[in-house]
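Trainee: Pasting a structure here, questions to come.
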Amino acid sequence: WVLERAERAALASLLGRVAAAYDALFDQPMPYMMAVQSAPPRFEAVWHMHVTFQPFLRAAERLKYVAGIEHTTGHFLKDVTARQAVAQLKPFFHPET
């Protein structure tokens, strides 16, 4: 599976916007891990890729230390709910709301 030129440009723009939103969240560079997963074999027609950002600041001066269970399982514990995270990041994507 290959992205067309316009799709690559759109994806690069979106990833840049996400990284910039994380930087703006606490008004400083946000350390993060970003993972890109391709579709599992035989599922290429219905799942192309998945991009995950794992930011490592809980607050402006509070670093998130990754626990061993998070590393081994790939499930990262959060201090906020998904709705809280959306509310925090939404202004960086939709400043008019």
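Numbering starts fresh at 1 for the residues of each chain in the structure tokens, the chains themselves are lettered A, B, ... in the order given, and ligands are numbered from 1 as they appear.
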Mind listing the helix (DSSP H, G or I) residues of range 7-92 of chain A, per DSSP on the backbone, as a ChimeraX atom specification?
Mentor: /A:7-25,68-73,82-92
Trainee: Do a neighbour search on range 48-61 of chain A at 6 Å with only C-alpha atoms, toss out local chain neighbours closer than 3 positions, and write the hits as a list in words.
Mentor: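 Surrounding residues, per the criterion: Phe26, Pro31, Tyr32, Met33, Met34, Ala35, Val36, Gln37, Ser38, Ala39, Glu44 and Lys64 of chain A.
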Trainee: What's the 9 Å shell around Ala20 in chain A, counting only C-alpha atoms, without same-chain residues fewer than 5 positions away, as an NGL selection string?
Mentor: :A and (15 or 25 or 29-30 or 92)
Trainee: Would you give me, as a list in words, the residues in chain A that DSSP reads as strand (DSSP E)?
Mentor: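 Output for chain A, strand (DSSP E) only: Tyr32, Met33, Met34, Ala35, Val36, Gln37, Ser38, Met49, His50, Val51, Thr52, Phe53, Gln54, Pro55, Leu57, Arg58, Ala59, Arg62 and Leu63 of chain A.
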